[in-house]
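Visitor: If it helps, the file is called target-v5.pdb and holds PDB, C-alpha atoms and all ligand atoms:
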```pdb
ATOM      1  CA  MET A   1     106.217  52.137  70.039
ATOM      2  CA  ARG A   2     108.816  53.268  67.570
ATOM      3  CA  VAL A   3     110.562  56.632  67.232
ATOM      4  CA  SER A   4     110.159  58.183  63.799
ATOM      5  CA  LEU A   5     113.616  59.617  63.315
ATOM      6  CA  ALA A   6     114.682  58.210  59.941
ATOM      7  CA  GLY A   7     115.618  61.033  57.572
ATOM      8  CA  LYS A   8     115.720  63.708  60.279
ATOM      9  CA  ARG A   9     118.772  65.988  60.274
ATOM     10  CA  ALA A  10     120.799  66.721  63.404
ATOM     11  CA  ILE A  11     123.766  68.692  64.675
ATOM     12  CA  ILE A  12     125.514  67.011  67.603
ATOM     13  CA  THR A  13     128.258  68.989  69.344
ATOM     14  CA  GLY A  14     130.852  67.247  71.506
ATOM     15  CA  ALA A  15     130.505  64.219  69.239
ATOM     16  CA  SER A  16     134.139  63.078  69.372
ATOM     17  CA  GLN A  17     133.853  61.695  72.901
ATOM     18  CA  GLY A  18     131.591  60.644  75.699
ATOM     19  CA  ILE A  19     127.956  61.630  75.682
ATOM     20  CA  GLY A  20     127.861  63.379  72.285
ATOM     21  CA  ARG A  21     129.527  60.367  70.721
ATOM     22  CA  GLY A  22     126.993  58.016  72.333
ATOM     23  CA  VAL A  23     124.082  60.163  71.131
ATOM     24  CA  PHE A  24     125.493  60.053  67.600
ATOM     25  CA  GLU A  25     125.780  56.237  67.706
ATOM     26  CA  VAL A  26     122.116  55.903  68.686
ATOM     27  CA  PHE A  27     120.933  58.518  66.166
ATOM     28  CA  ALA A  28     122.918  56.970  63.287
ATOM     29  CA  GLN A  29     121.355  53.557  63.948
ATOM     30  CA  LEU A  30     117.902  55.178  63.834
ATOM     31  CA  GLY A  31     118.534  56.718  60.429
ATOM     32  CA  VAL A  32     119.290  60.310  61.479
ATOM     33  CA  ARG A  33     121.632  62.247  59.202
ATOM     34  CA  CYS A  34     124.092  63.863  61.604
ATOM     35  CA  VAL A  35     126.649  66.623  61.509
ATOM     36  CA  THR A  36     129.115  65.588  64.203
ATOM     37  CA  ALA A  37     131.120  68.501  65.586
ATOM     38  CA  ALA A  38     134.263  68.743  67.725
ATOM     39  CA  ARG A  39     137.841  70.000  67.486
ATOM     40  CA  ARG A  40     139.387  66.575  66.856
ATOM     41  CA  LYS A  41     138.153  65.781  63.354
ATOM     42  CA  ASN A  42     140.398  62.719  63.087
ATOM     43  CA  ILE A  43     138.472  61.070  65.931
ATOM     44  CA  LEU A  44     135.139  62.037  64.366
ATOM     45  CA  GLU A  45     136.233  60.453  61.075
ATOM     46  CA  GLU A  46     137.525  57.239  62.648
ATOM     47  CA  HIS A  47     134.378  56.852  64.685
ATOM     48  CA  SER A  48     132.200  57.507  61.613
ATOM     49  CA  LYS A  49     133.790  54.521  59.889
ATOM     50  CA  GLU A  50     132.960  52.270  62.859
ATOM     51  CA  VAL A  51     129.357  53.447  62.986
ATOM     52  CA  ILE A  52     128.880  53.030  59.225
ATOM     53  CA  ALA A  53     130.358  49.515  59.453
ATOM     54  CA  MET A  54     127.681  48.712  62.061
ATOM     55  CA  GLY A  55     124.943  49.821  59.640
ATOM     56  CA  GLY A  56     124.563  53.427  60.793
ATOM     57  CA  ILE A  57     123.948  56.406  58.502
ATOM     58  CA  ALA A  58     127.143  58.235  57.421
ATOM     59  CA  PRO A  59     127.629  61.516  59.284
ATOM     60  CA  VAL A  60     129.274  64.752  58.170
ATOM     61  CA  PRO A  61     132.149  65.438  60.599
ATOM     62  CA  ILE A  62     132.903  69.131  61.088
ATOM     63  CA  GLU A  63     135.935  70.497  62.866
ATOM     64  CA  VAL A  64     135.075  73.476  65.012
ATOM     65  CA  ASP A  65     136.493  75.088  68.122
ATOM     66  CA  LEU A  66     133.473  76.477  69.898
ATOM     67  CA  PHE A  67     135.659  78.998  71.727
ATOM     68  CA  GLU A  68     136.381  80.808  68.468
ATOM     69  CA  ALA A  69     134.362  83.914  67.630
ATOM     70  CA  GLY A  70     131.549  83.131  65.189
ATOM     71  CA  ALA A  71     131.793  79.367  65.830
ATOM     72  CA  ALA A  72     128.044  78.900  66.312
ATOM     73  CA  SER A  73     127.034  80.568  63.052
ATOM     74  CA  TYR A  74     129.891  78.814  61.223
ATOM     75  CA  LEU A  75     128.706  75.417  62.444
ATOM     76  CA  PHE A  76     125.080  76.151  61.585
ATOM     77  CA  GLU A  77     126.001  77.291  58.064
ATOM     78  CA  GLN A  78     128.142  74.194  57.497
ATOM     79  CA  ALA A  79     125.317  71.952  58.692
ATOM     80  CA  GLN A  80     122.747  73.809  56.624
ATOM     81  CA  GLY A  81     124.937  73.340  53.523
ATOM     82  CA  ALA A  82     125.643  69.662  54.212
ATOM     83  CA  LEU A  83     122.183  68.543  55.327
ATOM     84  CA  GLY A  84     119.888  71.092  53.669
ATOM     85  CA  GLY A  85     118.341  71.945  57.046
ATOM     86  CA  VAL A  86     118.499  71.109  60.737
ATOM     87  CA  ASP A  87     115.623  69.418  62.601
ATOM     88  CA  ILE A  88     117.474  68.513  65.786
ATOM     89  CA  LEU A  89     120.253  70.176  67.775
ATOM     90  CA  VAL A  90     122.025  68.279  70.541
ATOM     91  CA  ASN A  91     124.337  70.484  72.590
ATOM     92  CA  ALA A  92     126.720  68.018  74.231
ATOM     93  CA  ALA A  93     130.095  69.800  74.041
ATOM     94  CA  GLY A  94     131.804  70.241  77.367
ATOM     95  CA  ARG A  95     135.287  70.818  78.663
ATOM     96  CA  SER A  96     137.506  67.833  78.224
ATOM     97  CA  LYS A  97     140.454  67.223  80.524
ATOM     98  CA  ALA A  98     141.001  70.978  80.832
ATOM     99  CA  PRO A  99     143.885  71.583  83.252
ATOM    100  CA  ASP A 100     142.352  74.941  84.143
ATOM    101  CA  ALA A 101     139.052  73.313  85.185
ATOM    102  CA  PRO A 102     139.990  71.266  88.260
ATOM    103  CA  ARG A 103     137.559  68.750  89.767
ATOM    104  CA  GLN A 104     137.134  70.968  92.798
ATOM    105  CA  THR A 105     137.243  74.673  91.970
ATOM    106  CA  PRO A 106     139.418  76.632  94.426
ATOM    107  CA  PHE A 107     137.872  79.565  96.242
ATOM    108  CA  HIS A 108     140.116  82.111  94.467
ATOM    109  CA  HIS A 109     139.721  80.652  90.964
ATOM    110  CA  PRO A 110     140.426  83.390  88.359
ATOM    111  CA  SER A 111     137.354  85.159  87.060
ATOM    112  CA  GLU A 112     138.280  84.553  83.414
ATOM    113  CA  LEU A 113     138.225  80.781  84.036
ATOM    114  CA  TRP A 114     134.728  80.966  85.521
ATOM    115  CA  GLU A 115     133.724  82.885  82.405
ATOM    116  CA  LYS A 116     135.411  80.397  80.092
ATOM    117  CA  GLU A 117     133.231  77.616  81.493
ATOM    118  CA  LEU A 118     130.144  79.791  81.160
ATOM    119  CA  HIS A 119     131.083  80.578  77.569
ATOM    120  CA  LEU A 120     131.288  76.989  76.316
ATOM    121  CA  ASN A 121     128.461  75.550  78.397
ATOM    122  CA  TYR A 122     125.956  78.370  78.109
ATOM    123  CA  VAL A 123     126.892  81.235  75.750
ATOM    124  CA  VAL A 124     127.819  79.124  72.707
ATOM    125  CA  LEU A 125     124.976  76.692  73.388
ATOM    126  CA  ARG A 126     122.577  79.648  73.368
ATOM    127  CA  GLU A 127     124.094  81.119  70.185
ATOM    128  CA  LEU A 128     123.832  77.811  68.369
ATOM    129  CA  THR A 129     120.257  77.340  69.519
ATOM    130  CA  PHE A 130     119.291  80.800  68.253
ATOM    131  CA  ALA A 131     121.025  80.033  64.939
ATOM    132  CA  VAL A 132     118.923  76.898  64.323
ATOM    133  CA  LEU A 133     115.592  78.142  65.710
ATOM    134  CA  PRO A 134     114.228  80.374  62.908
ATOM    135  CA  SER A 135     114.223  77.608  60.287
ATOM    136  CA  MET A 136     112.783  75.108  62.782
ATOM    137  CA  GLN A 137     109.994  77.542  63.609
ATOM    138  CA  ALA A 138     109.299  78.152  59.919
ATOM    139  CA  ARG A 139     109.003  74.384  59.328
ATOM    140  CA  LYS A 140     106.869  73.915  62.476
ATOM    141  CA  PHE A 141     109.142  71.186  63.779
ATOM    142  CA  GLY A 142     112.304  71.300  65.824
ATOM    143  CA  ARG A 143     114.026  69.700  68.768
ATOM    144  CA  VAL A 144     116.768  71.175  70.940
ATOM    145  CA  ILE A 145     118.343  68.902  73.544
ATOM    146  CA  ASN A 146     120.911  70.268  75.961
ATOM    147  CA  VAL A 147     123.165  67.987  77.963
ATOM    148  CA  THR A 148     123.528  69.828  81.259
ATOM    149  CA  GLY A 149     124.175  68.492  84.754
ATOM    150  CA  LYS A 150     122.615  67.865  88.109
ATOM    151  CA  SER A 151     121.273  70.723  90.206
ATOM    152  CA  GLU A 152     122.582  69.412  93.523
ATOM    153  CA  PRO A 153     126.106  70.857  93.799
ATOM    154  CA  GLU A 154     128.211  69.042  96.400
ATOM    155  CA  LYS A 155     131.149  71.413  96.175
ATOM    156  CA  LEU A 156     132.318  74.624  94.526
ATOM    157  CA  SER A 157     132.568  73.969  90.791
ATOM    158  CA  THR A 158     132.761  76.121  87.664
ATOM    159  CA  ALA A 159     130.547  73.487  86.023
ATOM    160  CA  ASN A 160     127.426  74.350  88.033
ATOM    161  CA  PRO A 161     126.497  77.966  87.114
ATOM    162  CA  PRO A 162     126.349  77.356  83.336
ATOM    163  CA  LYS A 163     124.085  74.331  83.806
ATOM    164  CA  ALA A 164     121.725  76.361  86.022
ATOM    165  CA  ALA A 165     121.773  79.156  83.434
ATOM    166  CA  VAL A 166     120.761  76.729  80.683
ATOM    167  CA  HIS A 167     117.914  75.316  82.792
ATOM    168  CA  ALA A 168     116.477  78.782  83.535
ATOM    169  CA  TRP A 169     117.012  80.207  80.030
ATOM    170  CA  SER A 170     115.519  77.226  78.246
ATOM    171  CA  LYS A 171     112.443  77.150  80.471
ATOM    172  CA  GLY A 172     111.563  80.667  79.339
ATOM    173  CA  LEU A 173     112.450  79.939  75.734
ATOM    174  CA  SER A 174     110.337  76.762  75.690
ATOM    175  CA  ARG A 175     107.199  78.833  76.210
ATOM    176  CA  SER A 176     107.999  81.137  73.268
ATOM    177  CA  ILE A 177     108.742  78.416  70.732
ATOM    178  CA  ALA A 178     106.101  75.847  71.706
ATOM    179  CA  PRO A 179     103.426  77.312  69.379
ATOM    180  CA  ASP A 180     105.773  76.614  66.450
ATOM    181  CA  GLY A 181     106.150  72.908  67.260
ATOM    182  CA  VAL A 182     109.689  73.372  68.561
ATOM    183  CA  THR A 183     110.652  71.840  71.905
ATOM    184  CA  ILE A 184     113.707  72.338  74.092
ATOM    185  CA  ASN A 185     114.669  69.945  76.865
ATOM    186  CA  GLN A 186     117.602  69.187  79.088
ATOM    187  CA  ILE A 187     119.123  65.840  79.940
ATOM    188  CA  SER A 188     120.945  65.947  83.229
ATOM    189  CA  PRO A 189     123.576  63.201  83.445
ATOM    190  CA  GLY A 190     124.564  61.648  86.739
ATOM    191  CA  LYS A 191     127.889  59.893  86.147
ATOM    192  CA  ILE A 192     128.239  58.684  82.576
ATOM    193  CA  VAL A 193     131.444  57.021  81.362
ATOM    194  CA  SER A 194     133.216  59.581  79.177
ATOM    195  CA  GLU A 195     136.650  60.970  78.416
ATOM    196  CA  GLN A 196     136.141  63.701  80.993
ATOM    197  CA  ILE A 197     135.072  61.265  83.708
ATOM    198  CA  LEU A 198     137.882  58.807  82.937
ATOM    199  CA  ALA A 199     140.418  61.654  83.088
ATOM    200  CA  ASN A 200     139.170  62.861  86.447
ATOM    201  CA  TYR A 201     138.645  59.609  88.354
ATOM    202  CA  SER A 202     140.594  56.366  88.680
ATOM    203  CA  ALA A 203     138.887  53.045  87.843
ATOM    204  CA  GLN A 204     138.805  52.182  91.559
ATOM    205  CA  GLU A 205     137.222  55.536  92.425
ATOM    206  CA  LEU A 206     134.542  55.017  89.788
ATOM    207  CA  GLU A 207     133.728  51.523  90.959
ATOM    208  CA  ALA A 208     133.482  52.665  94.577
ATOM    209  CA  TYR A 209     131.428  55.695  93.532
ATOM    210  CA  GLY A 210     128.996  53.522  91.612
ATOM    211  CA  LYS A 211     128.476  51.182  94.542
ATOM    212  CA  LYS A 212     128.160  53.897  97.182
ATOM    213  CA  ASP A 213     126.396  56.807  95.446
ATOM    214  CA  ILE A 214     124.382  55.353  92.578
ATOM    215  CA  PRO A 215     121.337  53.298  93.515
ATOM    216  CA  LEU A 216     121.651  51.229  90.335
ATOM    217  CA  GLY A 217     125.218  50.438  91.388
ATOM    218  CA  ARG A 218     127.236  51.567  88.370
ATOM    219  CA  LEU A 219     128.018  54.436  86.012
ATOM    220  CA  GLY A 220     125.833  54.892  82.932
ATOM    221  CA  THR A 221     126.927  54.537  79.331
ATOM    222  CA  PRO A 222     126.697  57.354  76.772
ATOM    223  CA  GLN A 223     124.291  55.214  74.750
ATOM    224  CA  GLU A 224     121.918  54.930  77.724
ATOM    225  CA  LEU A 225     121.664  58.714  77.651
ATOM    226  CA  GLY A 226     121.439  58.594  73.844
ATOM    227  CA  TYR A 227     118.225  56.548  74.033
ATOM    228  CA  LEU A 228     116.482  59.350  75.923
ATOM    229  CA  ALA A 229     117.912  61.909  73.492
ATOM    230  CA  ALA A 230     116.462  59.882  70.608
ATOM    231  CA  PHE A 231     113.021  59.859  72.189
ATOM    232  CA  LEU A 232     113.112  63.591  72.963
ATOM    233  CA  ALA A 233     114.231  64.253  69.373
ATOM    234  CA  SER A 234     111.351  62.317  67.886
ATOM    235  CA  PRO A 235     107.909  63.576  66.851
ATOM    236  CA  GLU A 236     106.509  61.172  69.479
ATOM    237  CA  ALA A 237     107.935  63.421  72.248
ATOM    238  CA  GLY A 238     106.082  66.489  70.968
ATOM    239  CA  TYR A 239     104.267  67.062  74.275
ATOM    240  CA  ILE A 240     107.465  67.350  76.355
ATOM    241  CA  THR A 241     109.192  70.715  76.579
ATOM    242  CA  GLY A 242     111.004  72.900  79.112
ATOM    243  CA  ALA A 243     111.902  69.786  81.113
ATOM    244  CA  VAL A 244     115.090  68.708  82.876
ATOM    245  CA  ILE A 245     115.259  64.917  82.873
ATOM    246  CA  PRO A 246     117.984  63.003  84.715
ATOM    247  CA  VAL A 247     119.739  59.929  83.371
ATOM    248  CA  ASP A 248     121.592  59.026  86.525
ATOM    249  CA  GLY A 249     120.830  55.532  87.810
ATOM    250  CA  GLY A 250     118.777  57.107  90.590
ATOM    251  CA  MET A 251     121.641  59.294  91.841
ATOM    252  CA  LYS A 252     119.549  62.454  92.250
ATOM    253  CA  ARG A 253     118.590  62.556  95.915
ATOM    254  CA  TYR A 254     115.659  64.916  96.040
ATOM    255  CA  ALA A 255     112.161  64.377  94.709
ATOM    256  CA  PHE A 256     111.848  67.942  93.330
TER     257      PHE A 256
HETATM  258  N1  LIG A 301     129.892  62.426  81.827
HETATM  259  C1  LIG A 301     129.207  62.791  82.902
HETATM  260  O1  LIG A 301     129.005  62.014  83.845
HETATM  261  C2  LIG A 301     128.646  64.174  83.002
HETATM  262  C3  LIG A 301     128.043  64.547  84.211
HETATM  263  C4  LIG A 301     127.464  65.803  84.306
HETATM  264  C5  LIG A 301     127.494  66.662  83.224
HETATM  265  N2  LIG A 301     128.108  66.278  82.066
HETATM  266  C6  LIG A 301     128.116  67.231  80.949
HETATM  267  O2  LIG A 301     127.856  66.572  79.734
HETATM  268  C7  LIG A 301     128.559  67.242  78.673
HETATM  269  C8  LIG A 301     129.386  66.207  77.905
HETATM  270  O3  LIG A 301     130.331  65.670  78.818
HETATM  271  P1  LIG A 301     131.178  64.342  78.527
HETATM  272  O4  LIG A 301     131.344  63.708  79.830
HETATM  273  O5  LIG A 301     130.628  63.598  77.380
HETATM  274  O6  LIG A 301     132.583  65.012  78.128
HETATM  275  P2  LIG A 301     133.819  64.494  77.233
HETATM  276  O7  LIG A 301     133.845  63.011  77.141
HETATM  277  O8  LIG A 301     134.993  65.182  77.782
HETATM  278  O9  LIG A 301     133.479  65.087  75.794
HETATM  279  C9  LIG A 301     133.441  66.477  75.613
HETATM  280  C10 LIG A 301     133.196  66.763  74.161
HETATM  281  O10 LIG A 301     133.133  68.185  73.972
HETATM  282  C11 LIG A 301     134.020  68.555  72.913
HETATM  283  N3  LIG A 301     134.588  69.883  73.146
HETATM  284  C12 LIG A 301     135.218  70.320  74.257
HETATM  285  N4  LIG A 301     135.665  71.575  74.080
HETATM  286  C13 LIG A 301     135.300  71.949  72.825
HETATM  287  C14 LIG A 301     135.490  73.123  72.039
HETATM  288  N5  LIG A 301     136.153  74.181  72.513
HETATM  289  N6  LIG A 301     134.989  73.147  70.791
HETATM  290  C15 LIG A 301     134.321  72.081  70.282
HETATM  291  N7  LIG A 301     134.115  70.940  70.973
HETATM  292  C16 LIG A 301     134.602  70.872  72.226
HETATM  293  C17 LIG A 301     135.092  67.478  72.932
HETATM  294  O11 LIG A 301     135.655  67.313  71.643
HETATM  295  P3  LIG A 301     137.121  67.803  71.202
HETATM  296  O12 LIG A 301     138.001  67.731  72.421
HETATM  297  O13 LIG A 301     137.478  66.848  70.119
HETATM  298  O14 LIG A 301     136.900  69.193  70.713
HETATM  299  C18 LIG A 301     134.282  66.224  73.273
HETATM  300  O15 LIG A 301     133.710  65.676  72.104
HETATM  301  C19 LIG A 301     129.400  68.342  79.338
HETATM  302  O16 LIG A 301     128.719  69.557  79.279
HETATM  303  C20 LIG A 301     129.491  67.864  80.781
HETATM  304  O17 LIG A 301     129.681  68.919  81.691
HETATM  305  C21 LIG A 301     128.686  65.053  81.936
END
```
Spell out the structure here as structure tokens.
Ligand SMILES: NC(=O)c1ccc[n+]([C@@H]2O[C@H](COP(=O)([O-])OP(=O)(O)OC[C@H]3O[C@@H](n4cnc5c(N)ncnc54)[C@H](OP(=O)(O)O)[C@@H]3O)[C@@H](O)[C@H]2O)c1
Guide:
Amino acid sequence: MRVSLAGKRAIITGASQGIGRGVFEVFAQLGVRCVTAARRKNILEEHSKEVIAMGGIAPVPIEVDLFEAGAASYLFEQAQGALGGVDILVNAAGRSKAPDAPRQTPFHHPSELWEKELHLNYVVLRELTFAVLPSMQARKFGRVINVTGKSEPEKLSTANPPKAAVHAWSKGLSRSIAPDGVTINQISPGKIVSEQILANYSAQELEAYGKKDIPLGRLGTPQELGYLAAFLASPEAGYITGAVIPVDGGMKRYAF
């Protein structure tokens, strides 16, 4: 089987690091024309050169701070102008090394910091999705892929509510957009090597974690998640929508 992605046009948020970056690497090798978005444009540009040198399709890096008002429509308009349309949206932006988002959220964490997490991981993701949807529906093809998280919280964390919100919201949305050939799915990472993970855990912690908590014995790579994103983005995955699919080395404990 092959995935027919050559010539498709994608926006990938969070593309300067970690999972978004890995998704971009896989997409570029498969011939997808990508807008890569993040705040650190210098990293996007450097990485573009590496991917082009490896035979990947040149992306269009766009600097955007998704916390800024109007960021979603700005990014969509930039992508529309650069690519002439958007077939695929991958929402992979997340909070990187934020000092106000500790690994374990304290009980009395300020309300505005809970909302900040919700804003980036759900509100902006939703706004961007609604920006791209009308043209996807008109063309009778579209793919939205949200990088979320596992639904088995082990501790209090600001990261969990936005992921649950995305899962519930997208399930409802999937039913409305299915007749137009547009799918929306979630990839739920277990522990994938990324800037965020490397900032929060020492190398020894990660090795021990892999051995103890991940049946496959190690953390995943961003590209390993990117392969599933590529399949979900392809026409061949047209019968999959409203799903939450883990890429976690077997880490999820429960069958349902
Ligand atoms: N890695 C894992 O094991 C894991 C596990 C569960 C869930 N997740 C989820 O997966 C997603 C990606 O995580 P990751 O591990 O790949 O994180 P990461 O390595 O820290 O990358 C985060 C990306 O988001 C971008 N970003 C952050 N704030 C932004 C803003 N205000 N505006 C625009 N871009 C912004 C960053 O780019 P700039 O800093 O350049 O803007 C970076 O490219 C997150 O939602 C995370 O919660 C990851």
Visitor: If you apply the PyMOL selection byres (((chain A and resi 53-67) around 8) and not hetatm) to this file, what residues do you get, as a ChimeraX atom specification?
Guide: /A:25,28-41,44-45,48-52,68-69,71-72,75,78,82,119-120,124
Visitor: Hey, can you check how far atom CA of A:Val26 sits from atom CA of A:Asn121?
Guide: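 One can read the atom CA of A:Val26 to atom CA of A:Asn121 distance as 22.8 Å.
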Visitor: Within 7 Å of ligand LIG 301 (chain A) (counting all atoms listed in the file), which residues show up? I'd like them as an NGL selection string.
Guide: :A and (13-21 or 37-41 or 64-67 or 92-97 or 120-121 or 147-150 or 159 or 188-197)
Visitor: What lies within 12 Å of A:Ser157 using only C-alpha atoms, ignoring chain neighbours under 3 positions off, as a list in words?
Guide: Asp100, Ala101, Pro102, Arg103, Gln104, Thr105, Pro106, Phe107, His108, His109, Leu113, Trp114, Glu117, Leu118, Gly149, Lys150, Ser151, Glu152, Pro153, Glu154, Asn160, Pro161, Pro162 and Lys163 of chain A
Visitor: Write the residues of the preceding selection, restricted to C-alpha atoms, as a PDB file, keeping the file's coordinate frame.
Guide:
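So again.pdb came out as:
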```
ATOM      1  CA  ASP A 100     142.352  74.941  84.143  1.00  0.00           C
ATOM      2  CA  ALA A 101     139.052  73.313  85.185  1.00  0.00           C
ATOM      3  CA  PRO A 102     139.990  71.266  88.260  1.00  0.00           C
ATOM      4  CA  ARG A 103     137.559  68.750  89.767  1.00  0.00           C
ATOM      5  CA  GLN A 104     137.134  70.968  92.798  1.00  0.00           C
ATOM      6  CA  THR A 105     137.243  74.673  91.970  1.00  0.00           C
ATOM      7  CA  PRO A 106     139.418  76.632  94.426  1.00  0.00           C
ATOM      8  CA  PHE A 107     137.872  79.565  96.242  1.00  0.00           C
ATOM      9  CA  HIS A 108     140.116  82.111  94.467  1.00  0.00           C
ATOM     10  CA  HIS A 109     139.721  80.652  90.964  1.00  0.00           C
ATOM     11  CA  LEU A 113     138.225  80.781  84.036  1.00  0.00           C
ATOM     12  CA  TRP A 114     134.728  80.966  85.521  1.00  0.00           C
ATOM     13  CA  GLU A 117     133.231  77.616  81.493  1.00  0.00           C
ATOM     14  CA  LEU A 118     130.144  79.791  81.160  1.00  0.00           C
ATOM     15  CA  GLY A 149     124.175  68.492  84.754  1.00  0.00           C
ATOM     16  CA  LYS A 150     122.615  67.865  88.109  1.00  0.00           C
ATOM     17  CA  SER A 151     121.273  70.723  90.206  1.00  0.00           C
ATOM     18  CA  GLU A 152     122.582  69.412  93.523  1.00  0.00           C
ATOM     19  CA  PRO A 153     126.106  70.857  93.799  1.00  0.00           C
ATOM     20  CA  GLU A 154     128.211  69.042  96.400  1.00  0.00           C
ATOM     21  CA  ASN A 160     127.426  74.350  88.033  1.00  0.00           C
ATOM     22  CA  PRO A 161     126.497  77.966  87.114  1.00  0.00           C
ATOM     23  CA  PRO A 162     126.349  77.356  83.336  1.00  0.00           C
ATOM     24  CA  LYS A 163     124.085  74.331  83.806  1.00  0.00           C
TER      25      LYS A 163
END
```
Visitor: Just checking: using all atoms listed in the file, which residue out of A:Met1, A:Leu173, A:Ile240, A:Val247 ends up closest to A:Arg126?
Guide: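 Answer, going by the shortest atom-to-atom distance: A:Leu173.
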Visitor: Any idea what's packed within 7 Å of A:Gly226, counting all atoms listed in the file, ignoring anything in its chain fewer than 4 positions away? Could you give it as a PDB file with C-alpha atoms, in the frame of the given file?
Guide:
```
ATOM      1  CA  GLY A  22     126.993  58.016  72.333  1.00  0.00           C
ATOM      2  CA  VAL A  23     124.082  60.163  71.131  1.00  0.00           C
ATOM      3  CA  VAL A  26     122.116  55.903  68.686  1.00  0.00           C
ATOM      4  CA  PRO A 222     126.697  57.354  76.772  1.00  0.00           C
ATOM      5  CA  ALA A 230     116.462  59.882  70.608  1.00  0.00           C
TER       6      ALA A 230
END
```
